[in-house]
>>> print(open('entry_2.txt').read())   # compact mmCIF, C-alpha atoms
# COMPACT_ATOMS: atom_id res chain seq x y z
CA MET A 1 -98.04 -103.83 -81.81
CA VAL A 2 -97.22 -107.16 -80.15
CA LEU A 3 -94.65 -109.44 -81.77
CA GLY A 4 -93.54 -112.89 -80.67
CA HIS A 5 -90.84 -115.26 -81.86
CA ALA A 6 -92.09 -117.49 -84.66
CA HIS A 7 -88.98 -119.16 -86.08
CA ALA A 8 -85.62 -118.75 -87.79
CA GLY A 9 -85.70 -120.07 -91.36
CA ILE A 10 -82.69 -121.77 -92.91
CA ARG A 11 -82.40 -122.72 -96.60
CA VAL A 12 -80.81 -126.20 -96.94
CA LYS A 13 -79.75 -128.35 -99.90
CA ASP A 14 -80.87 -131.72 -98.47
CA LEU A 15 -83.81 -131.67 -96.05
CA ASP A 16 -83.34 -135.22 -94.78
CA ARG A 17 -79.64 -134.64 -94.03
CA SER A 18 -80.40 -131.38 -92.22
CA VAL A 19 -83.27 -132.90 -90.20
CA ALA A 20 -80.95 -135.68 -89.05
CA PHE A 21 -78.28 -133.14 -88.04
CA TYR A 22 -80.59 -130.89 -86.04
CA LYS A 23 -82.36 -133.89 -84.44
CA ASP A 24 -79.47 -136.26 -83.75
CA ILE A 25 -76.65 -133.79 -83.11
CA LEU A 26 -78.38 -130.72 -81.65
CA GLY A 27 -81.35 -132.38 -79.92
CA PHE A 28 -84.21 -130.70 -81.80
CA THR A 29 -87.53 -132.56 -82.12
CA LEU A 30 -89.61 -132.91 -85.27
CA GLY A 31 -92.23 -130.23 -85.76
CA ARG A 32 -94.66 -129.43 -88.57
CA TYR A 33 -94.01 -130.62 -92.12
CA ASN A 34 -95.31 -128.91 -95.23
CA GLU A 35 -94.90 -129.08 -98.97
CA LEU A 36 -95.40 -125.97 -101.10
CA ASP A 37 -96.44 -126.76 -104.67
CA LYS A 38 -94.89 -124.15 -106.94
CA GLY A 39 -96.31 -125.62 -110.14
CA ASP A 40 -93.03 -126.79 -111.64
CA SER A 41 -91.54 -127.96 -108.33
CA VAL A 42 -92.36 -128.78 -104.71
CA THR A 43 -90.55 -127.19 -101.78
CA ARG A 44 -90.34 -129.37 -98.67
CA ILE A 45 -90.33 -127.62 -95.31
CA ARG A 46 -89.72 -129.15 -91.86
CA PHE A 47 -89.94 -127.26 -88.60
CA MET A 48 -87.61 -128.38 -85.81
CA ASP A 49 -88.31 -127.45 -82.19
CA HIS A 50 -86.06 -127.03 -79.16
CA GLY A 51 -88.05 -125.78 -76.19
CA SER A 52 -89.78 -122.57 -77.25
CA PHE A 53 -87.31 -122.01 -80.13
CA SER A 54 -88.13 -123.24 -83.65
CA ILE A 55 -86.21 -123.37 -86.88
CA GLU A 56 -87.73 -123.81 -90.33
CA LEU A 57 -85.64 -125.91 -92.71
CA VAL A 58 -86.54 -125.03 -96.31
CA GLU A 59 -85.17 -127.47 -98.89
CA ASP A 60 -83.65 -125.98 -102.02
CA ALA A 61 -81.54 -128.53 -103.91
CA GLU A 62 -80.24 -125.73 -106.15
CA TYR A 63 -79.14 -123.58 -103.22
CA THR A 64 -75.71 -122.00 -103.29
CA GLN A 65 -74.87 -118.90 -101.32
CA GLN A 66 -75.33 -116.05 -103.73
CA PRO A 67 -76.53 -112.47 -103.59
CA GLY A 68 -80.31 -112.13 -103.44
CA LYS A 69 -80.84 -115.72 -102.26
CA ARG A 70 -80.44 -115.52 -98.51
CA GLN A 71 -79.92 -118.64 -96.44
CA ILE A 72 -81.41 -117.44 -93.15
CA HIS A 73 -84.44 -115.33 -92.17
CA LEU A 74 -86.09 -114.51 -88.86
CA ALA A 75 -89.86 -114.68 -88.48
CA PHE A 76 -92.19 -112.93 -86.06
CA TYR A 77 -95.84 -113.52 -85.19
CA ALA A 78 -98.19 -110.55 -84.99
CA ASP A 79 -101.22 -110.72 -82.72
CA ASP A 80 -102.98 -108.08 -84.84
CA TYR A 81 -101.59 -108.72 -88.31
CA ASP A 82 -103.42 -105.94 -90.17
CA ALA A 83 -102.57 -103.25 -87.62
CA THR A 84 -98.94 -104.36 -87.45
CA LEU A 85 -98.65 -104.36 -91.24
CA ALA A 86 -100.19 -100.87 -91.43
CA THR A 87 -97.81 -99.54 -88.75
CA MET A 88 -94.82 -101.01 -90.56
CA ARG A 89 -95.91 -99.57 -93.93
CA ALA A 90 -96.38 -96.13 -92.33
CA ALA A 91 -92.86 -96.38 -90.91
CA GLY A 92 -91.45 -96.98 -94.40
CA VAL A 93 -90.57 -100.66 -94.04
CA VAL A 94 -89.58 -102.17 -97.41
CA PHE A 95 -91.55 -105.33 -98.26
CA GLU A 96 -90.60 -107.96 -100.86
CA SER A 97 -94.13 -107.95 -102.27
CA ASP A 98 -97.11 -105.62 -102.27
CA GLU A 99 -99.45 -108.06 -100.54
CA PRO A 100 -99.05 -110.93 -98.08
CA ARG A 101 -99.49 -114.48 -99.34
CA ILE A 102 -101.16 -117.45 -97.68
CA ALA A 103 -98.79 -120.04 -96.24
CA MET A 104 -98.72 -122.30 -93.19
CA GLY A 105 -102.38 -121.55 -92.45
CA GLY A 106 -102.14 -117.76 -92.42
CA ARG A 107 -100.75 -114.69 -94.13
CA ILE A 108 -97.02 -114.05 -94.40
CA ILE A 109 -94.95 -111.28 -95.91
CA PHE A 110 -91.19 -110.82 -96.08
CA PHE A 111 -89.47 -107.50 -95.47
CA ALA A 112 -86.03 -106.00 -95.07
CA GLY A 113 -84.40 -105.01 -91.81
CA PRO A 114 -82.24 -101.89 -91.61
CA ASP A 115 -79.17 -103.69 -93.00
CA GLY A 116 -81.08 -105.71 -95.60
CA GLU A 117 -81.56 -108.76 -93.37
CA ARG A 118 -84.54 -110.87 -94.44
CA LEU A 119 -87.41 -110.84 -91.96
CA GLU A 120 -90.89 -112.36 -92.05
CA LEU A 121 -94.16 -111.24 -90.49
CA MET A 122 -96.61 -114.08 -89.83
CA GLU A 123 -100.26 -114.01 -88.91
CA ARG A 124 -100.80 -115.87 -85.63
>>> encode(input="entry_2.txt", output="structure tokens")
Amino acid sequence: MVLGHAHAGIRVKDLDRSVAFYKDILGFTLGRYNELDKGDSVTRIRFMDHGSFSIELVEDAEYTQQPGKRQIHLAFYADDYDATLATMRAAGVVFESDEPRIAMGGRIIFFAGPDGERLELMER
């Protein structure tokens, strides 16, 4: 199983304000932009890059820190997604859903770390 850094995701209330902060204050550059249509709403997502490190800003105007709605997650790429997923399932990893979903051009699935931290496995 080969994993590589994908990004750290951060839930933000105001995407434009956060983009300006990470760009103007911390020196990140603009990366990919995406909008996820959820039927009754659209979630705007902007990736920000700093060298080989990326963060994913996920806009959620209703966001307040509360149990079950985590602000930050870490994401990892898998070179062999199916084999990695099978290995993780066999090891008893707890996933948020039964099956991966399609997002950002590939499959993703969220899972819990040993202390409940939110992690994401992405197809490269």
>>> residues_around(input="entry_2.txt", residues="range 75-81 of chain A", least_positions_apart="4", cutoff="8 Å", atoms="all atoms listed in the file", output="compact mmCIF listing (two decimals) with C-alpha atoms, in the frame of the given file")
# COMPACT_ATOMS: atom_id res chain seq x y z
CA MET A 1 -98.04 -103.83 -81.81
CA VAL A 2 -97.22 -107.16 -80.15
CA LEU A 3 -94.65 -109.44 -81.77
CA GLY A 4 -93.54 -112.89 -80.67
CA HIS A 5 -90.84 -115.26 -81.86
CA ALA A 6 -92.09 -117.49 -84.66
CA HIS A 7 -88.98 -119.16 -86.08
CA ALA A 8 -85.62 -118.75 -87.79
CA GLY A 9 -85.70 -120.07 -91.36
CA LEU A 85 -98.65 -104.36 -91.24
CA LEU A 119 -87.41 -110.84 -91.96
CA GLU A 120 -90.89 -112.36 -92.05
CA LEU A 121 -94.16 -111.24 -90.49
CA MET A 122 -96.61 -114.08 -89.83
CA GLU A 123 -100.26 -114.01 -88.91
CA ARG A 124 -100.80 -115.87 -85.63
>>> atom_distance(input="entry_2.txt", atom1="CA of Ser41 in chain A", atom2="CA of His73 in chain A")
21.7 Å
>>> residues_around(input="entry_2.txt", residues="range 48-62 of chain A", least_positions_apart="3", cutoff="8 Å", atoms="only C-alpha atoms", output="list of chain:residue names")
A:His5, A:Ala6, A:His7, A:Ala8, A:Gly9, A:Ile10, A:Arg11, A:Val12, A:Lys13, A:Asp14, A:Leu15, A:Ser18, A:Val19, A:Tyr22, A:Lys23, A:Gly27, A:Phe28, A:Thr29, A:Leu30, A:Gly31, A:Arg32, A:Thr43, A:Arg44, A:Ile45
>>> atom_distance(input="entry_2.txt", atom1="CA of Ser97 in chain A", atom2="CA of Phe111 in chain A")
8.3 Å
>>> closest_residue(input="entry_2.txt", among="A:Gly113, A:Asp16, A:Leu36, A:Phe47", to="Gly92 in chain A", atoms="all atoms listed in the file")
A:Gly113
>>> atom_distance(input="entry_2.txt", atom1="CA of Val93 in chain A", atom2="CA of Ile108 in chain A")
14.9 Å
>>> axis_aligned_box(input="entry_2.txt", around="range 68-87 of chain A", padding_each_side="4 Å", output="JSON")
{"center_x": -91.7, "center_y": -109.1, "center_z": -93.1, "size_x": 31.5, "size_y": 27.1, "size_z": 28.7}
